[in-house]
file input-v7.pdb (PDB, C-alpha atoms)
MODEL        1
ATOM      1  CA  MET A   1      -6.344 115.470  76.325  1.00  0.00           C
ATOM      2  CA  ALA A   2      -9.662 117.341  76.469  1.00  0.00           C
ATOM      3  CA  ARG A   3     -10.339 120.000  73.915  1.00  0.00           C
ATOM      4  CA  GLY A   4     -10.600 123.577  75.210  1.00  0.00           C
ATOM      5  CA  GLY A   5     -13.752 125.460  74.241  1.00  0.00           C
ATOM      6  CA  PRO A   6     -13.988 129.110  73.261  1.00  0.00           C
ATOM      7  CA  THR A   7     -14.832 130.137  76.850  1.00  0.00           C
ATOM      8  CA  MET A   8     -11.537 128.849  78.227  1.00  0.00           C
ATOM      9  CA  SER A   9      -8.847 131.436  78.808  1.00  0.00           C
ATOM     10  CA  SER A  10      -5.434 131.017  77.240  1.00  0.00           C
ATOM     11  CA  ARG A  11      -3.903 130.321  80.643  1.00  0.00           C
ATOM     12  CA  GLU A  12      -6.437 127.566  81.302  1.00  0.00           C
ATOM     13  CA  ARG A  13      -5.774 125.999  77.887  1.00  0.00           C
ATOM     14  CA  LEU A  14      -2.033 126.256  78.438  1.00  0.00           C
ATOM     15  CA  ALA A  15      -2.300 124.725  81.915  1.00  0.00           C
ATOM     16  CA  GLN A  16      -4.520 121.964  80.534  1.00  0.00           C
ATOM     17  CA  ALA A  17      -2.173 121.333  77.605  1.00  0.00           C
ATOM     18  CA  GLU A  18       0.997 121.393  79.686  1.00  0.00           C
ATOM     19  CA  GLY A  19       1.976 117.987  80.762  1.00  0.00           C
ATOM     20  CA  PRO A  20       4.919 115.698  80.648  1.00  0.00           C
ATOM     21  CA  THR A  21       4.557 115.315  76.865  1.00  0.00           C
ATOM     22  CA  MET A  22       4.186 119.009  75.847  1.00  0.00           C
ATOM     23  CA  SER A  23       7.404 120.498  74.568  1.00  0.00           C
ATOM     24  CA  ALA A  24       8.394 124.160  74.516  1.00  0.00           C
ATOM     25  CA  ARG A  25       7.783 124.169  70.765  1.00  0.00           C
ATOM     26  CA  GLU A  26       4.213 122.920  71.259  1.00  0.00           C
ATOM     27  CA  ARG A  27       3.545 125.552  73.937  1.00  0.00           C
ATOM     28  CA  LEU A  28       4.883 128.239  71.594  1.00  0.00           C
ATOM     29  CA  ALA A  29       2.665 126.957  68.757  1.00  0.00           C
ATOM     30  CA  LEU A  30      -0.374 127.108  71.052  1.00  0.00           C
ATOM     31  CA  ALA A  31       0.451 130.675  72.123  1.00  0.00           C
ATOM     32  CA  GLN A  32       0.996 131.716  68.496  1.00  0.00           C
ATOM     33  CA  ALA A  33      -2.334 130.217  67.427  1.00  0.00           C
ATOM     34  CA  GLU A  34      -4.084 132.154  70.187  1.00  0.00           C
ATOM     35  CA  LEU A  35      -2.279 135.336  69.154  1.00  0.00           C
ATOM     36  CA  VAL A  36      -3.435 134.885  65.558  1.00  0.00           C
ATOM     37  CA  GLN A  37      -7.020 134.480  66.809  1.00  0.00           C
ATOM     38  CA  ALA A  38      -6.688 137.646  68.892  1.00  0.00           C
ATOM     39  CA  LEU A  39      -5.335 139.580  65.911  1.00  0.00           C
ATOM     40  CA  GLY A  40      -7.747 138.172  63.340  1.00  0.00           C
ATOM     41  CA  VAL A  41     -11.147 137.943  64.988  1.00  0.00           C
ATOM     42  CA  GLY A  42     -10.818 139.673  68.329  1.00  0.00           C
ATOM     43  CA  ALA A  43     -10.402 136.613  70.542  1.00  0.00           C
ATOM     44  CA  PRO A  44      -9.041 137.281  74.042  1.00  0.00           C
ATOM     45  CA  VAL A  45      -5.392 138.310  74.174  1.00  0.00           C
ATOM     46  CA  PRO A  46      -3.284 135.334  75.277  1.00  0.00           C
ATOM     47  CA  ALA A  47      -1.289 135.425  78.496  1.00  0.00           C
ATOM     48  CA  GLY A  48       2.193 136.844  78.164  1.00  0.00           C
ATOM     49  CA  PHE A  49       1.291 139.402  75.476  1.00  0.00           C
ATOM     50  CA  ASP A  50       0.741 143.125  75.975  1.00  0.00           C
ATOM     51  CA  ALA A  51      -3.022 143.561  75.508  1.00  0.00           C
ATOM     52  CA  ALA A  52      -2.805 147.186  74.362  1.00  0.00           C
ATOM     53  CA  ARG A  53      -0.255 146.355  71.663  1.00  0.00           C
ATOM     54  CA  VAL A  54      -2.162 143.316  70.443  1.00  0.00           C
ATOM     55  CA  LEU A  55      -5.382 145.357  70.226  1.00  0.00           C
ATOM     56  CA  ALA A  56      -3.564 148.142  68.364  1.00  0.00           C
ATOM     57  CA  ALA A  57      -2.091 145.610  65.924  1.00  0.00           C
ATOM     58  CA  ALA A  58      -5.527 144.012  65.431  1.00  0.00           C
ATOM     59  CA  GLN A  59      -7.054 147.414  64.655  1.00  0.00           C
ATOM     60  CA  SER A  60      -4.213 148.149  62.247  1.00  0.00           C
ATOM     61  CA  LEU A  61      -4.870 144.868  60.401  1.00  0.00           C
ATOM     62  CA  ILE A  62      -8.566 145.725  60.070  1.00  0.00           C
ATOM     63  CA  HIS A  63      -7.661 149.140  58.654  1.00  0.00           C
ATOM     64  CA  LYS A  64      -5.266 147.486  56.189  1.00  0.00           C
ATOM     65  CA  ARG A  65      -7.996 145.080  55.079  1.00  0.00           C
ATOM     66  CA  ARG A  66     -10.439 147.992  54.676  1.00  0.00           C
ATOM     67  CA  ARG A  67      -7.987 150.007  52.555  1.00  0.00           C
ATOM     68  CA  GLY A  68      -7.368 146.967  50.341  1.00  0.00           C
ATOM     69  CA  VAL A  69     -11.103 146.488  49.765  1.00  0.00           C
ATOM     70  CA  GLU A  70     -11.513 150.221  49.083  1.00  0.00           C
ATOM     71  CA  ARG A  71      -8.861 149.980  46.345  1.00  0.00           C
ATOM     72  CA  ALA A  72     -10.233 146.741  44.879  1.00  0.00           C
ATOM     73  CA  TRP A  73     -13.915 147.798  45.042  1.00  0.00           C
ATOM     74  CA  PRO A  74     -13.968 151.608  44.618  1.00  0.00           C
ATOM     75  CA  LEU A  75     -17.600 151.630  43.457  1.00  0.00           C
ATOM     76  CA  LEU A  76     -18.696 149.793  46.607  1.00  0.00           C
ATOM     77  CA  ALA A  77     -16.745 152.194  48.820  1.00  0.00           C
ATOM     78  CA  SER A  78     -18.145 155.288  47.081  1.00  0.00           C
ATOM     79  CA  ALA A  79     -21.710 153.907  47.033  1.00  0.00           C
ATOM     80  CA  LEU A  80     -21.640 153.346  50.806  1.00  0.00           C
ATOM     81  CA  GLY A  81     -19.903 156.689  51.417  1.00  0.00           C
ATOM     82  CA  ALA A  82     -19.013 157.460  55.012  1.00  0.00           C
ATOM     83  CA  ASP A  83     -20.789 154.292  56.165  1.00  0.00           C
ATOM     84  CA  PHE A  84     -18.256 152.079  54.347  1.00  0.00           C
ATOM     85  CA  ALA A  85     -15.492 152.236  56.966  1.00  0.00           C
ATOM     86  CA  LEU A  86     -17.780 151.515  59.910  1.00  0.00           C
ATOM     87  CA  SER A  87     -19.698 148.762  58.094  1.00  0.00           C
ATOM     88  CA  PHE A  88     -16.533 147.055  56.881  1.00  0.00           C
ATOM     89  CA  GLU A  89     -14.809 147.199  60.272  1.00  0.00           C
ATOM     90  CA  HIS A  90     -17.884 145.737  61.959  1.00  0.00           C
ATOM     91  CA  TRP A  91     -17.978 142.955  59.345  1.00  0.00           C
ATOM     92  CA  ALA A  92     -14.215 142.322  59.537  1.00  0.00           C
ATOM     93  CA  ARG A  93     -14.354 141.745  63.305  1.00  0.00           C
ATOM     94  CA  THR A  94     -16.608 138.729  62.776  1.00  0.00           C
ATOM     95  CA  HIS A  95     -15.039 137.407  59.557  1.00  0.00           C
ATOM     96  CA  PRO A  96     -11.422 136.257  59.783  1.00  0.00           C
ATOM     97  CA  MET A  97      -8.890 136.896  57.056  1.00  0.00           C
ATOM     98  CA  ALA A  98      -8.246 134.170  54.524  1.00  0.00           C
ATOM     99  CA  VAL A  99      -4.932 132.352  54.630  1.00  0.00           C
ATOM    100  CA  GLU A 100      -3.854 134.256  51.520  1.00  0.00           C
ATOM    101  CA  PRO A 101      -5.381 137.749  51.887  1.00  0.00           C
ATOM    102  CA  ASP A 102      -7.164 138.866  48.722  1.00  0.00           C
ATOM    103  CA  ALA A 103      -8.971 142.212  48.670  1.00  0.00           C
ATOM    104  CA  LEU A 104     -11.141 141.219  45.687  1.00  0.00           C
ATOM    105  CA  ALA A 105     -12.413 138.078  47.422  1.00  0.00           C
ATOM    106  CA  GLU A 106     -12.834 139.868  50.732  1.00  0.00           C
ATOM    107  CA  GLY A 107     -14.761 142.682  49.073  1.00  0.00           C
ATOM    108  CA  ARG A 108     -17.075 140.159  47.420  1.00  0.00           C
ATOM    109  CA  ARG A 109     -17.726 138.422  50.740  1.00  0.00           C
ATOM    110  CA  PHE A 110     -18.415 141.820  52.350  1.00  0.00           C
ATOM    111  CA  ALA A 111     -20.812 142.744  49.522  1.00  0.00           C
ATOM    112  CA  ALA A 112     -22.600 139.403  49.947  1.00  0.00           C
ATOM    113  CA  SER A 113     -23.156 140.135  53.631  1.00  0.00           C
ATOM    114  CA  LEU A 114     -24.524 143.593  52.758  1.00  0.00           C
ATOM    115  CA  GLN A 115     -26.807 141.956  50.198  1.00  0.00           C
ATOM    116  CA  ASP A 116     -28.048 139.444  52.787  1.00  0.00           C
ATOM    117  CA  GLU A 117     -28.859 142.364  55.104  1.00  0.00           C
ATOM    118  CA  GLY A 118     -30.603 144.266  52.288  1.00  0.00           C
ATOM    119  CA  ARG A 119     -28.084 147.124  52.474  1.00  0.00           C
ATOM    120  CA  LEU A 120     -26.245 146.666  49.169  1.00  0.00           C
ATOM    121  CA  PRO A 121     -26.504 149.786  46.953  1.00  0.00           C
ATOM    122  CA  SER A 122     -28.041 149.033  43.529  1.00  0.00           C
ATOM    123  CA  GLU A 123     -25.178 150.687  41.595  1.00  0.00           C
ATOM    124  CA  VAL A 124     -22.835 147.919  42.762  1.00  0.00           C
ATOM    125  CA  SER A 125     -24.881 145.026  41.349  1.00  0.00           C
ATOM    126  CA  GLY A 126     -23.277 145.204  37.877  1.00  0.00           C
ATOM    127  CA  VAL A 127     -19.750 145.016  39.284  1.00  0.00           C
ATOM    128  CA  LEU A 128     -20.748 142.018  41.409  1.00  0.00           C
ATOM    129  CA  LEU A 129     -22.243 140.365  38.354  1.00  0.00           C
ATOM    130  CA  ASP A 130     -18.939 140.832  36.480  1.00  0.00           C
ATOM    131  CA  PHE A 131     -17.001 139.407  39.416  1.00  0.00           C
ATOM    132  CA  ASP A 132     -19.284 136.372  39.638  1.00  0.00           C
ATOM    133  CA  ALA A 133     -18.925 135.737  35.905  1.00  0.00           C
ATOM    134  CA  ARG A 134     -15.101 135.789  36.141  1.00  0.00           C
ATOM    135  CA  TRP A 135     -14.469 134.247  39.556  1.00  0.00           C
ATOM    136  CA  ARG A 136     -15.905 131.898  42.133  1.00  0.00           C
ATOM    137  CA  LEU A 137     -15.198 131.907  45.843  1.00  0.00           C
ATOM    138  CA  ILE A 138     -14.173 128.659  47.482  1.00  0.00           C
ATOM    139  CA  PRO A 139     -15.018 127.878  51.125  1.00  0.00           C
ATOM    140  CA  GLU A 140     -11.520 128.888  52.255  1.00  0.00           C
ATOM    141  CA  GLY A 141     -12.339 132.426  51.095  1.00  0.00           C
ATOM    142  CA  GLU A 142     -10.043 132.449  48.071  1.00  0.00           C
ATOM    143  CA  ARG A 143     -11.115 133.278  44.523  1.00  0.00           C
ATOM    144  CA  VAL A 144     -10.633 130.870  41.661  1.00  0.00           C
ATOM    145  CA  PRO A 145     -10.995 131.858  37.992  1.00  0.00           C
ATOM    146  CA  ARG A 146     -13.885 130.370  36.082  1.00  0.00           C
ATOM    147  CA  ARG A 147     -13.026 128.413  32.949  1.00  0.00           C
ATOM    148  CA  GLY A 148     -14.840 128.296  29.622  1.00  0.00           C
ATOM    149  CA  VAL A 149     -18.236 129.854  29.012  1.00  0.00           C
ATOM    150  CA  TRP A 150     -20.182 130.919  32.081  1.00  0.00           C
ATOM    151  CA  LEU A 151     -23.648 132.472  32.291  1.00  0.00           C
ATOM    152  CA  VAL A 152     -24.873 134.421  35.312  1.00  0.00           C
ATOM    153  CA  VAL A 153     -28.503 135.519  35.511  1.00  0.00           C
ATOM    154  CA  ARG A 154     -29.769 137.297  38.569  1.00  0.00           C
ATOM    155  CA  ARG A 155     -32.468 139.657  39.709  1.00  0.00           C
ATOM    156  CA  ASP A 156     -31.343 142.910  41.297  1.00  0.00           C
ATOM    157  CA  ASP A 157     -32.881 143.171  44.769  1.00  0.00           C
ATOM    158  CA  THR A 158     -33.401 146.921  44.671  1.00  0.00           C
ATOM    159  CA  THR A 159     -34.407 147.593  41.045  1.00  0.00           C
ATOM    160  CA  ARG A 160     -36.048 144.155  40.638  1.00  0.00           C
ATOM    161  CA  ARG A 161     -34.628 143.932  37.102  1.00  0.00           C
ATOM    162  CA  ILE A 162     -33.039 140.873  35.541  1.00  0.00           C
ATOM    163  CA  GLN A 163     -29.299 141.151  34.860  1.00  0.00           C
ATOM    164  CA  VAL A 164     -27.348 138.816  32.600  1.00  0.00           C
ATOM    165  CA  ALA A 165     -23.589 138.335  32.262  1.00  0.00           C
ATOM    166  CA  LEU A 166     -21.838 135.974  29.899  1.00  0.00           C
ATOM    167  CA  ARG A 167     -18.197 135.058  30.417  1.00  0.00           C
ATOM    168  CA  LEU A 168     -16.499 133.979  27.222  1.00  0.00           C
ATOM    169  CA  PRO A 169     -13.309 131.931  26.898  1.00  0.00           C
ATOM    170  CA  GLY A 170     -10.362 134.222  27.505  1.00  0.00           C
ATOM    171  CA  GLY A 171     -12.109 136.087  30.323  1.00  0.00           C
ATOM    172  CA  ARG A 172     -14.138 138.671  28.430  1.00  0.00           C
ATOM    173  CA  VAL A 173     -17.533 139.395  30.034  1.00  0.00           C
ATOM    174  CA  TRP A 174     -20.594 140.732  28.255  1.00  0.00           C
ATOM    175  CA  ARG A 175     -23.199 142.190  30.577  1.00  0.00           C
ATOM    176  CA  TRP A 176     -26.650 143.467  29.778  1.00  0.00           C
ATOM    177  CA  VAL A 177     -29.896 144.363  31.468  1.00  0.00           C
ATOM    178  CA  PRO A 178     -32.955 143.691  29.315  1.00  0.00           C
ATOM    179  CA  GLU A 179     -35.150 146.738  28.793  1.00  0.00           C
ATOM    180  CA  VAL A 180     -38.450 146.880  30.630  1.00  0.00           C
ATOM    181  CA  ARG A 181     -41.291 147.338  28.152  1.00  0.00           C
ATOM    182  CA  ALA A 182     -43.940 149.872  29.017  1.00  0.00           C
ATOM    183  CA  ARG A 183     -47.481 148.565  28.793  1.00  0.00           C
TER
ENDMDL
END
call {"tool": "encode", "arguments": {"input": "input-v7.pdb", "output": "structure tokens"}}
result
Amino acid sequence: MARGGPTMSSRERLAQAEGPTMSARERLALAQAELVQALGVGAPVPAGFDAARVLAAAQSLIHKRRRGVERAWPLLASALGADFALSFEHWARTHPMAVEPDALAEGRRFAASLQDEGRLPSEVSGVLLDFDARWRLIPEGERVPRRGVWLVVRRDDTTRRIQVALRLPGGRVWRWVPEVRAR
């Protein structure tokens, strides 16, 4: 059976997949997978589903993700101000939810994308440093606690100052920014 590409419609994939060996359960699983894609990353709405309702549910999920990140990262939300909602929703449309939704991990991934674009406010860098000293993100998008002693040293993109964080056993983090000496 040939694999359907992203340009194939759900009806074409279903017609291609239907054959003497495809059961009703397999057809349902295919339709559900397409529905999840439509809800999560804005893929086309599969055949047999009300497009308006699926789009409304997808928008509702994005708003729920945004509210979770606002609660988990209040400094990021306040630093971006009114631009936060629009920026996050734009980012969320191209970045699917993790299997186990986690607002802390999602907020860190969002902040990383802002940093890559050069739009991360400088007042957020300390909170990101603390997060990176306590947690690491795995490719699946989940956060995993760091163990033992962990040192994070980074240069702030906007202030161009070195920042240091040290995670001690037990989870306590010491953070400091060395003073710049006047010459």
call {"tool": "atom_distance", "arguments": {"input": "input-v7.pdb", "atom1": "atom CA of A:Phe110", "atom2": "atom CA of A:Trp91"}}
result
7.1 Å
call {"tool": "resolve_selection", "arguments": {"input": "input-v7.pdb", "expression": "the PyMOL selection byres ((chain A and resi 160) around 12)", "output": "mmCIF file with C-alpha atoms, keeping the file's coordinate frame"}}
result
data_model
loop_
_atom_site.group_PDB
_atom_site.id
_atom_site.type_symbol
_atom_site.label_atom_id
_atom_site.label_comp_id
_atom_site.auth_asym_id
_atom_site.auth_seq_id
_atom_site.Cartn_x
_atom_site.Cartn_y
_atom_site.Cartn_z
ATOM 1 C CA SER A 122 -28.041 149.033 43.529
ATOM 2 C CA SER A 125 -24.881 145.026 41.349
ATOM 3 C CA ARG A 154 -29.769 137.297 38.569
ATOM 4 C CA ARG A 155 -32.468 139.657 39.709
ATOM 5 C CA ASP A 156 -31.343 142.910 41.297
ATOM 6 C CA ASP A 157 -32.881 143.171 44.769
ATOM 7 C CA THR A 158 -33.401 146.921 44.671
ATOM 8 C CA THR A 159 -34.407 147.593 41.045
ATOM 9 C CA ARG A 161 -34.628 143.932 37.102
ATOM 10 C CA ILE A 162 -33.039 140.873 35.541
ATOM 11 C CA GLN A 163 -29.299 141.151 34.860
ATOM 12 C CA VAL A 177 -29.896 144.363 31.468
ATOM 13 C CA PRO A 178 -32.955 143.691 29.315
ATOM 14 C CA VAL A 180 -38.450 146.880 30.630
#
call {"tool": "resolve_selection", "arguments": {"input": "input-v7.pdb", "expression": "the PyMOL selection byres ((chain A and resi 113) around 12)", "output": "list of chain:residue names"}}
result
A:Ser87, A:Phe88, A:His90, A:Trp91, A:Ala92, A:Thr94, A:His95, A:Glu106, A:Gly107, A:Arg108, A:Arg109, A:Phe110, A:Ala111, A:Ala112, A:Leu114, A:Gln115, A:Asp116, A:Glu117, A:Gly118, A:Arg119, A:Leu120
call {"tool": "resolve_selection", "arguments": {"input": "input-v7.pdb", "expression": "the PyMOL selection byres ((chain A and resi 150) around 9)", "output": "CSV table (one decimal) with C-alpha atoms, in the frame of the given file"}}
result
chain,number,residue,atom,x,y,z
A,133,ALA,CA,-18.9,135.7,35.9
A,134,ARG,CA,-15.1,135.8,36.1
A,146,ARG,CA,-13.9,130.4,36.1
A,147,ARG,CA,-13.0,128.4,32.9
A,148,GLY,CA,-14.8,128.3,29.6
A,149,VAL,CA,-18.2,129.9,29.0
A,151,LEU,CA,-23.6,132.5,32.3
A,152,VAL,CA,-24.9,134.4,35.3
A,165,ALA,CA,-23.6,138.3,32.3
A,166,LEU,CA,-21.8,136.0,29.9
A,167,ARG,CA,-18.2,135.1,30.4
A,168,LEU,CA,-16.5,134.0,27.2
A,169,PRO,CA,-13.3,131.9,26.9
call {"tool": "atom_distance", "arguments": {"input": "input-v7.pdb", "atom1": "atom CA of A:Arg93", "atom2": "atom CA of A:Ser78"}}
result
21.5 Å
call {"tool": "atom_distance", "arguments": {"input": "input-v7.pdb", "atom1": "atom CA of A:Gln32", "atom2": "atom CA of A:Pro101"}}
result
18.8 Å
call {"tool": "residues_around", "arguments": {"input": "input-v7.pdb", "residues": "A:Glu123", "least_positions_apart": "6", "cutoff": "9 Å", "atoms": "all atoms listed in the file", "output": "list in words"}}
result
Leu75, Leu76 and Ala79 of chain A
call {"tool": "closest_residue", "arguments": {"input": "input-v7.pdb", "among": "A:Leu80, A:Trp174, A:Pro44, A:Leu39", "to": "A:Leu61", "atoms": "all atoms listed in the file"}}
result
A:Leu39
call {"tool": "closest_residue", "arguments": {"input": "input-v7.pdb", "among": "A:Val54, A:Ala77, A:Glu142, A:Val45", "to": "A:Met97", "atoms": "all atoms listed in the file"}}
result
A:Glu142
call {"tool": "closest_residue", "arguments": {"input": "input-v7.pdb", "among": "A:Leu104, A:Gly42, A:Leu28, A:Asp130", "to": "A:Pro74", "atoms": "all atoms listed in the file"}}
result
A:Leu104
call {"tool": "closest_residue", "arguments": {"input": "input-v7.pdb", "among": "A:Pro46, A:Trp176, A:Ala29, A:Arg143", "to": "A:Glu100", "atoms": "all atoms listed in the file"}}
result
A:Arg143
call {"tool": "closest_residue", "arguments": {"input": "input-v7.pdb", "among": "A:Val99, A:Ala85, A:Leu129, A:Ala52", "to": "A:Val173", "atoms": "only C-alpha atoms"}}
result
A:Leu129
call {"tool": "axis_aligned_box", "arguments": {"input": "input-v7.pdb", "around": "stretch 35-48 of chain A", "padding_each_side": "8 Å", "output": "lines of an AutoDock Vina configuration file"}}
result
center_x = -4.5
center_y = 137.1
center_z = 70.9
size_x = 29.3
size_y = 21.2
size_z = 31.2
call {"tool": "closest_residue", "arguments": {"input": "input-v7.pdb", "among": "A:Leu128, A:Ala38, A:Arg25, A:Leu86", "to": "A:Ala56", "atoms": "only C-alpha atoms"}}
result
A:Ala38
call {"tool": "residues_near_point", "arguments": {"input": "input-v7.pdb", "point": "(-14.8, 133.1, 53.2)", "cutoff": "7 Å", "atoms": "all atoms listed in the file", "output": "list in words"}}
result
Ala98, Arg109, Pro139, Glu140 and Gly141 of chain A
call {"tool": "build_atoms", "arguments": {"input": "input-v7.pdb", "residues": "stretch 18-38 of chain A", "atoms": "N, CA and C atoms", "output": "short mmCIF file (atom, residue, chain, number, x, y, z; two decimals), keeping the file's coordinate frame"}}
result
data_model
loop_
_atom_site.label_atom_id
_atom_site.label_comp_id
_atom_site.auth_asym_id
_atom_site.auth_seq_id
_atom_site.Cartn_x
_atom_site.Cartn_y
_atom_site.Cartn_z
N GLU A 18 -0.33 121.70 79.15
CA GLU A 18 1.00 121.39 79.69
C GLU A 18 0.96 120.05 80.40
N GLY A 19 1.88 119.29 80.14
CA GLY A 19 1.98 117.99 80.76
C GLY A 19 3.36 117.45 80.48
N PRO A 20 3.59 116.25 80.86
CA PRO A 20 4.92 115.70 80.65
C PRO A 20 5.27 115.54 79.16
N THR A 21 4.26 115.54 78.28
CA THR A 21 4.56 115.32 76.86
C THR A 21 4.60 116.61 76.05
N MET A 22 4.23 117.76 76.62
CA MET A 22 4.19 119.01 75.85
C MET A 22 5.56 119.68 75.86
N SER A 23 6.09 119.88 74.69
CA SER A 23 7.40 120.50 74.57
C SER A 23 7.26 122.02 74.51
N ALA A 24 8.39 122.70 74.61
CA ALA A 24 8.39 124.16 74.52
C ALA A 24 7.90 124.60 73.14
N ARG A 25 8.23 123.84 72.13
CA ARG A 25 7.78 124.17 70.76
C ARG A 25 6.26 124.08 70.66
N GLU A 26 5.67 123.06 71.29
CA GLU A 26 4.21 122.92 71.26
C GLU A 26 3.53 124.04 72.04
N ARG A 27 4.11 124.43 73.17
CA ARG A 27 3.54 125.55 73.94
C ARG A 27 3.62 126.85 73.14
N LEU A 28 4.73 127.06 72.43
CA LEU A 28 4.88 128.24 71.59
C LEU A 28 3.86 128.23 70.46
N ALA A 29 3.65 127.07 69.85
CA ALA A 29 2.66 126.96 68.76
C ALA A 29 1.26 127.27 69.26
N LEU A 30 0.93 126.82 70.47
CA LEU A 30 -0.37 127.11 71.05
C LEU A 30 -0.52 128.61 71.30
N ALA A 31 0.50 129.23 71.86
CA ALA A 31 0.45 130.68 72.12
C ALA A 31 0.35 131.47 70.82
N GLN A 32 1.07 131.03 69.79
CA GLN A 32 1.00 131.72 68.50
C GLN A 32 -0.39 131.58 67.87
N ALA A 33 -0.99 130.41 67.98
CA ALA A 33 -2.33 130.22 67.43
C ALA A 33 -3.33 131.13 68.13
N GLU A 34 -3.19 131.27 69.44
CA GLU A 34 -4.08 132.15 70.19
C GLU A 34 -3.84 133.61 69.83
N LEU A 35 -2.59 133.97 69.57
CA LEU A 35 -2.28 135.34 69.15
C LEU A 35 -2.90 135.65 67.79
N VAL A 36 -2.83 134.70 66.88
CA VAL A 36 -3.44 134.88 65.56
C VAL A 36 -4.94 135.08 65.71
N GLN A 37 -5.58 134.31 66.57
CA GLN A 37 -7.02 134.48 66.81
C GLN A 37 -7.33 135.85 67.40
N ALA A 38 -6.49 136.32 68.29
CA ALA A 38 -6.69 137.65 68.89
C ALA A 38 -6.52 138.75 67.85
#
